[in-house]
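Here is the structure we will look at, set down as structure tokens.
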Amino acid sequence: MKFLPAVLLSLALGLFLALPLRAETVLSKYLSEVPADALVPGADGYGPVRADQPVAPVLKGEETVGWAFVTSDFVSTTGYSGKPIHTMVAVDADAKVIGVKLVKHSEPIVLIGIPDSKMQALAAGYAGLDLVAEAKSGGTAHDLDIISGATVTVMVIDDSVVRAGLKVARALGLGGLSPDAASHEPQFELNPDAKAANDWMTLEGDGTLRRLSLDVGQVNAAFAALGDPRSDARALTEPADTTFIEMQAALVSHPAIARALLGEAEAKNVAAWLAPGDHAIAVAGRGLYSFKGSGYVRGGIFDRIVLIQDDVSVRFRDRMHKRIVSLAAEGAPAFTEADLFKIPADTGFDPAKPFRIQLLVHREVGPIEKLFTTFDLGYQLPEKYLRAVARAPVEATEADTAVADVASRDEAAAHQALWKRIWLDKKSSIVVTAAMLAVLTLVFFFQTFATRNARAFFWFRMTFLTVTLVFLGWYANAQLSVVNLMALFGALISGFSWQAFLLDPLTFILWFAVAAAMLFWGRGAYCGWLCPFGALQEITNRIARALHVPQWTLPWGLHERLWPIKYILFLGLFGISLMSIEQAEHLAEVEPFKTAIVLKFVRAWPFVAYALALLAAGLFVERFYCRYLCPLGAALAIPARLRMFDWLKRYRECGHPCQTCANQCPVQAIHPTGEINPNECVDCLHCQVLYQSKTICPVVIKKMKRRDAVGTAVPRNLTGHPNSPQSQPAE
């Protein structure tokens, strides 16, 4: 608790320093920092920033070759750090990206784990991106390159470049894109009173149903047009007129169409399935190729079809899917598959506007290589199912407010869609992490039972730590860091947003679990069980013990004086973060987590040497880094005394005179006087194993001897009376 005043003083100072800060206009700031030729090769300057939009012309002599802007001026670019990722982009008159430069970010993994040149190269790779094609494809016309260890950051950059680029192109009318077309066109909505025909042929004829029909010859020709000679060897051998796929679709969120295709009862089920604002399409298919495939069984996503409308794209998942048992329309053909797909309200889908269902067709050309081509099924709901929406006159100031509100909602929806997409993509990892937390919670609540068998508990702990290291650490990169705490504090004083922290699901879940565990057990639940680097230290130490590497026990006086080092490191980093978060994140390299866990030792040799040196020290002094150097452990230890319960059981004799637990504690967290220091305890539960040991704990041994002595004593008589017949000698 002696560190608490210093922490409170640092917090107060940070708030004082942060309050008066105001960011200047983002574009104007970077126009003076980024030379024009660094953004667009051959350019020699910028023109003045436009009055109506935060964009500036890129000049080559007197000619305007493009328009420069910063993504954070148009869309939310908040990364995992909680701060914006500023990317400067230039687009030309044809709405093609002609230059991209990553100018500012505070992403921890990028700052201290991945070379800046790699991120700059990734950003520069967006040059040549065709925004017109992106508008038509719903932002899916390009491939997304992922850098290992920086998935969230790359996805934020990609999302912001595409969406901000489309906004600028539409605002300036580049490439034929226009922002005003929609506002001047008449608006329509579904007409619930419209009627639909009951027979399949009429529904096809009036456009209620739309069809995509491909034969084998068309598909072979499409792959041959890709120009890859390997495709010819894998061409389909069926007759050219054989049906490859016939796929038909209809918008069944219109009640009349749902009743016509599915029947009255199933139409009611569809209406109950859809939330307000949701829509749904029915898709039926037959032929050699399945529009569903089997990918959704493994990953929960239908990877062969995607719905595209303008720059909105909807990819369907298993939770957005229902099977159609039978089709009710008269004369409906026999299909091998028929399904319903929900379009959530937050996607921005407009049922009155044209859309298309893009079908992805693949062909294997090698053991692990495939070629892909796409075909489109276009759909426009017939006019008879629509009705015009009357426009109410709005004052200019009210219109401006309405536009701002819509833009704000659109931006929030886009950011929400991004983190939701990330969570869905990591669904399996989230399930495994939740299972680990559930198991650990049960162990802590029923620790007496869990630690009853010393050998079984040892192997359980080693198995759990191995899963922590391999799965949470090396596979999922879910290693918490003091950098996360500094990012959280920075977000609290500059405008907190949950969505920034939701971009990394496992880290978010672990921090939430740590916060909950602090109330019950202190810092040990994380440090002792869920920290991948801590698990790596303990596992390597156990291997060293098996190889008879000598173990060093530091004298208590020296050990106690080494404890404060980690607190000094944490307070130093925290204080520096108040002045410069970037500098603090660089100095946070005192943590070897990124080297040993996130980057798996694939890094420059000084970082690898430092991490290996700490692990080497841990071979002789178990969890050497955790005990004396870990700033994250110090940050979690400060509020450790706020826990609500003392779960670790002790005897009166512990420390007076028994020193067994103190001598055997793996991290020397038990004082010679017998009490456990919650700031240093990692909740390994070894003391609870000893607490029940019939061969090690003197108190238990003494009780066992007393019980055995009582049990083996011969009673004087069974009734308790010395003169009873049973006590008399036989005659």
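Residue names in the structure tokens use chain letters A, B, ... in the order shown, residue numbers from 1 in each chain, and ligand numbers from 1 in the order shown.
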Check your understanding: A:Ala171: which residues within 12 Å, counting only C-alpha atoms, same-chain residues fewer than 2 positions away excluded, as a ChimeraX atom specification?
Key -> /A:50,52-55,67,74,95,164-169,173-181
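With distances restricted to only C-alpha atoms, A:Cys527 is the closest residue to A:Asp683 from A:Ala517, A:Ala235, A:Cys527, A:Leu571.
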In stretch 405-571 of chain A, what's alpha helix (DSSP H) per DSSP? Answer as a PDB file with C-alpha atoms, in the first residue's frame?
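The file below, result.pdb, is the result:
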```pdb
ATOM      1  CA  ASP A 405     -26.716  12.165 -37.241  1.00  0.00           C
ATOM      2  CA  VAL A 406     -26.925   9.714 -40.119  1.00  0.00           C
ATOM      3  CA  ALA A 407     -23.169   9.949 -40.721  1.00  0.00           C
ATOM      4  CA  SER A 408     -22.530   9.370 -37.044  1.00  0.00           C
ATOM      5  CA  ARG A 409     -24.810   6.333 -37.008  1.00  0.00           C
ATOM      6  CA  ASP A 410     -23.236   4.972 -40.184  1.00  0.00           C
ATOM      7  CA  GLU A 411     -19.758   5.373 -38.742  1.00  0.00           C
ATOM      8  CA  ALA A 412     -20.720   3.708 -35.471  1.00  0.00           C
ATOM      9  CA  ALA A 413     -22.372   0.872 -37.398  1.00  0.00           C
ATOM     10  CA  ALA A 414     -19.285   0.385 -39.579  1.00  0.00           C
ATOM     11  CA  HIS A 415     -17.002   0.271 -36.551  1.00  0.00           C
ATOM     12  CA  GLN A 416     -19.360  -2.112 -34.797  1.00  0.00           C
ATOM     13  CA  ALA A 417     -19.470  -4.327 -37.871  1.00  0.00           C
ATOM     14  CA  LEU A 418     -15.670  -4.460 -37.890  1.00  0.00           C
ATOM     15  CA  TRP A 419     -15.286  -5.703 -34.323  1.00  0.00           C
ATOM     16  CA  LYS A 420     -18.218  -8.086 -34.728  1.00  0.00           C
ATOM     17  CA  ARG A 421     -16.542  -9.550 -37.813  1.00  0.00           C
ATOM     18  CA  ILE A 422     -13.338 -10.041 -35.836  1.00  0.00           C
ATOM     19  CA  TRP A 423     -15.208 -11.782 -32.996  1.00  0.00           C
ATOM     20  CA  LEU A 424     -17.012 -14.085 -35.409  1.00  0.00           C
ATOM     21  CA  ASP A 425     -13.752 -14.970 -37.135  1.00  0.00           C
ATOM     22  CA  LYS A 427     -15.274 -17.833 -32.483  1.00  0.00           C
ATOM     23  CA  SER A 428     -13.402 -21.103 -31.922  1.00  0.00           C
ATOM     24  CA  SER A 429     -10.601 -19.364 -30.010  1.00  0.00           C
ATOM     25  CA  ILE A 430     -13.153 -17.560 -27.852  1.00  0.00           C
ATOM     26  CA  VAL A 431     -14.844 -20.854 -26.989  1.00  0.00           C
ATOM     27  CA  VAL A 432     -11.542 -22.469 -25.969  1.00  0.00           C
ATOM     28  CA  THR A 433     -10.583 -19.452 -23.855  1.00  0.00           C
ATOM     29  CA  ALA A 434     -13.973 -19.431 -22.137  1.00  0.00           C
ATOM     30  CA  ALA A 435     -13.587 -23.139 -21.395  1.00  0.00           C
ATOM     31  CA  MET A 436     -10.148 -22.538 -19.847  1.00  0.00           C
ATOM     32  CA  LEU A 437     -11.562 -19.770 -17.644  1.00  0.00           C
ATOM     33  CA  ALA A 438     -14.472 -21.987 -16.577  1.00  0.00           C
ATOM     34  CA  VAL A 439     -12.147 -24.846 -15.606  1.00  0.00           C
ATOM     35  CA  LEU A 440      -9.844 -22.518 -13.691  1.00  0.00           C
ATOM     36  CA  THR A 441     -12.781 -20.966 -11.841  1.00  0.00           C
ATOM     37  CA  LEU A 442     -13.990 -24.410 -10.743  1.00  0.00           C
ATOM     38  CA  VAL A 443     -10.493 -25.298  -9.531  1.00  0.00           C
ATOM     39  CA  PHE A 444     -10.279 -22.134  -7.450  1.00  0.00           C
ATOM     40  CA  PHE A 445     -13.740 -22.517  -5.943  1.00  0.00           C
ATOM     41  CA  GLN A 447      -9.458 -25.996  -4.397  1.00  0.00           C
ATOM     42  CA  THR A 448      -9.615 -28.377  -1.422  1.00  0.00           C
ATOM     43  CA  PHE A 449     -10.899 -31.164  -3.640  1.00  0.00           C
ATOM     44  CA  ALA A 450      -8.657 -30.199  -6.590  1.00  0.00           C
ATOM     45  CA  ALA A 454      -0.668 -34.071  -5.164  1.00  0.00           C
ATOM     46  CA  ARG A 455       0.436 -36.032  -8.240  1.00  0.00           C
ATOM     47  CA  ALA A 456      -2.826 -35.559 -10.132  1.00  0.00           C
ATOM     48  CA  PHE A 457      -2.834 -31.828  -9.381  1.00  0.00           C
ATOM     49  CA  PHE A 458       0.786 -31.456 -10.524  1.00  0.00           C
ATOM     50  CA  TRP A 459       0.012 -32.952 -13.919  1.00  0.00           C
ATOM     51  CA  PHE A 460      -3.198 -30.966 -14.214  1.00  0.00           C
ATOM     52  CA  ARG A 461      -1.256 -27.759 -13.594  1.00  0.00           C
ATOM     53  CA  MET A 462       1.462 -28.670 -16.084  1.00  0.00           C
ATOM     54  CA  THR A 463      -1.173 -29.495 -18.704  1.00  0.00           C
ATOM     55  CA  PHE A 464      -3.033 -26.244 -18.098  1.00  0.00           C
ATOM     56  CA  LEU A 465       0.179 -24.206 -18.329  1.00  0.00           C
ATOM     57  CA  THR A 466       1.075 -25.974 -21.570  1.00  0.00           C
ATOM     58  CA  VAL A 467      -2.298 -25.046 -23.067  1.00  0.00           C
ATOM     59  CA  VAL A 482       1.579  -3.315 -19.266  1.00  0.00           C
ATOM     60  CA  VAL A 483       1.172  -1.535 -22.607  1.00  0.00           C
ATOM     61  CA  ASN A 484      -2.513  -2.503 -22.498  1.00  0.00           C
ATOM     62  CA  LEU A 485      -2.894  -0.688 -19.190  1.00  0.00           C
ATOM     63  CA  MET A 486      -1.219   2.428 -20.554  1.00  0.00           C
ATOM     64  CA  ALA A 487      -3.513   2.313 -23.597  1.00  0.00           C
ATOM     65  CA  LEU A 488      -6.522   1.985 -21.295  1.00  0.00           C
ATOM     66  CA  PHE A 489      -5.484   4.989 -19.236  1.00  0.00           C
ATOM     67  CA  GLY A 490      -4.838   6.982 -22.404  1.00  0.00           C
ATOM     68  CA  ALA A 491      -8.324   6.105 -23.645  1.00  0.00           C
ATOM     69  CA  LEU A 492      -9.906   7.111 -20.341  1.00  0.00           C
ATOM     70  CA  ILE A 493      -8.468  10.633 -20.486  1.00  0.00           C
ATOM     71  CA  SER A 494      -8.928  11.179 -24.225  1.00  0.00           C
ATOM     72  CA  TRP A 498     -15.502   0.150 -25.761  1.00  0.00           C
ATOM     73  CA  GLN A 499     -15.261  -0.595 -29.484  1.00  0.00           C
ATOM     74  CA  ALA A 500     -11.530   0.135 -29.521  1.00  0.00           C
ATOM     75  CA  PHE A 501     -10.916  -2.613 -26.968  1.00  0.00           C
ATOM     76  CA  PRO A 505     -11.514 -10.515 -28.463  1.00  0.00           C
ATOM     77  CA  LEU A 506      -9.186 -12.731 -26.430  1.00  0.00           C
ATOM     78  CA  THR A 507      -7.322  -9.828 -24.863  1.00  0.00           C
ATOM     79  CA  PHE A 508     -10.643  -8.201 -23.985  1.00  0.00           C
ATOM     80  CA  ILE A 509     -11.947 -11.418 -22.417  1.00  0.00           C
ATOM     81  CA  LEU A 510      -8.744 -11.978 -20.450  1.00  0.00           C
ATOM     82  CA  TRP A 511      -8.728  -8.425 -19.081  1.00  0.00           C
ATOM     83  CA  PHE A 512     -12.357  -8.788 -18.078  1.00  0.00           C
ATOM     84  CA  ALA A 513     -11.515 -12.092 -16.354  1.00  0.00           C
ATOM     85  CA  VAL A 514      -8.522 -10.493 -14.601  1.00  0.00           C
ATOM     86  CA  ALA A 515     -10.715  -7.663 -13.310  1.00  0.00           C
ATOM     87  CA  ALA A 516     -13.245 -10.153 -11.929  1.00  0.00           C
ATOM     88  CA  ALA A 517     -10.561 -12.412 -10.452  1.00  0.00           C
ATOM     89  CA  MET A 518      -8.958  -9.462  -8.650  1.00  0.00           C
ATOM     90  CA  LEU A 519     -12.035  -9.261  -6.421  1.00  0.00           C
ATOM     91  CA  PHE A 520     -11.716 -12.891  -5.386  1.00  0.00           C
ATOM     92  CA  GLY A 524      -2.406 -14.721  -8.951  1.00  0.00           C
ATOM     93  CA  ALA A 525      -5.252 -16.054 -11.089  1.00  0.00           C
ATOM     94  CA  TYR A 526      -3.663 -14.461 -14.151  1.00  0.00           C
ATOM     95  CA  CYS A 527       0.021 -14.452 -13.250  1.00  0.00           C
ATOM     96  CA  PRO A 532       1.921 -17.418 -21.408  1.00  0.00           C
ATOM     97  CA  PHE A 533       5.388 -16.119 -20.499  1.00  0.00           C
ATOM     98  CA  GLY A 534       4.868 -17.135 -16.886  1.00  0.00           C
ATOM     99  CA  ALA A 535       3.859 -20.592 -18.112  1.00  0.00           C
ATOM    100  CA  LEU A 536       6.984 -20.736 -20.288  1.00  0.00           C
ATOM    101  CA  GLN A 537       9.161 -19.905 -17.276  1.00  0.00           C
ATOM    102  CA  GLU A 538       7.586 -22.550 -15.059  1.00  0.00           C
ATOM    103  CA  ILE A 539       7.652 -25.271 -17.718  1.00  0.00           C
ATOM    104  CA  THR A 540      11.324 -24.639 -18.548  1.00  0.00           C
ATOM    105  CA  ASN A 541      12.149 -24.629 -14.817  1.00  0.00           C
ATOM    106  CA  ARG A 542      10.432 -27.989 -14.377  1.00  0.00           C
ATOM    107  CA  ILE A 543      12.453 -29.382 -17.250  1.00  0.00           C
ATOM    108  CA  ALA A 544      15.608 -27.984 -15.617  1.00  0.00           C
ATOM    109  CA  ARG A 545      14.698 -29.674 -12.325  1.00  0.00           C
ATOM    110  CA  ALA A 546      14.198 -32.982 -14.148  1.00  0.00           C
ATOM    111  CA  TRP A 556      15.027 -13.736   2.546  1.00  0.00           C
ATOM    112  CA  GLY A 557      16.538 -10.321   3.152  1.00  0.00           C
ATOM    113  CA  LEU A 558      17.867 -10.040  -0.423  1.00  0.00           C
ATOM    114  CA  HIS A 559      14.691 -11.526  -1.896  1.00  0.00           C
ATOM    115  CA  GLU A 560      12.516  -8.991  -0.048  1.00  0.00           C
ATOM    116  CA  ARG A 561      14.651  -6.078  -1.276  1.00  0.00           C
ATOM    117  CA  LEU A 562      14.442  -7.207  -4.896  1.00  0.00           C
ATOM    118  CA  PRO A 564      10.338  -3.340  -5.334  1.00  0.00           C
ATOM    119  CA  ILE A 565      12.209  -3.364  -8.654  1.00  0.00           C
ATOM    120  CA  LYS A 566       9.101  -4.302 -10.621  1.00  0.00           C
ATOM    121  CA  TYR A 567       7.069  -1.577  -8.885  1.00  0.00           C
ATOM    122  CA  ILE A 568       9.705   1.005  -9.745  1.00  0.00           C
ATOM    123  CA  LEU A 569       9.649  -0.160 -13.372  1.00  0.00           C
ATOM    124  CA  PHE A 570       5.867   0.088 -13.557  1.00  0.00           C
ATOM    125  CA  LEU A 571       5.673   3.544 -11.986  1.00  0.00           C
TER     126      LEU A 571
END
```
Practice item. Quick one: everything within 10 Å of A:His656, counting only C-alpha atoms, minus sequence neighbours fewer than 5 positions away in the same chain. Send it as an MDAnalysis selection string. Key: chainID A and resid 651 672:674
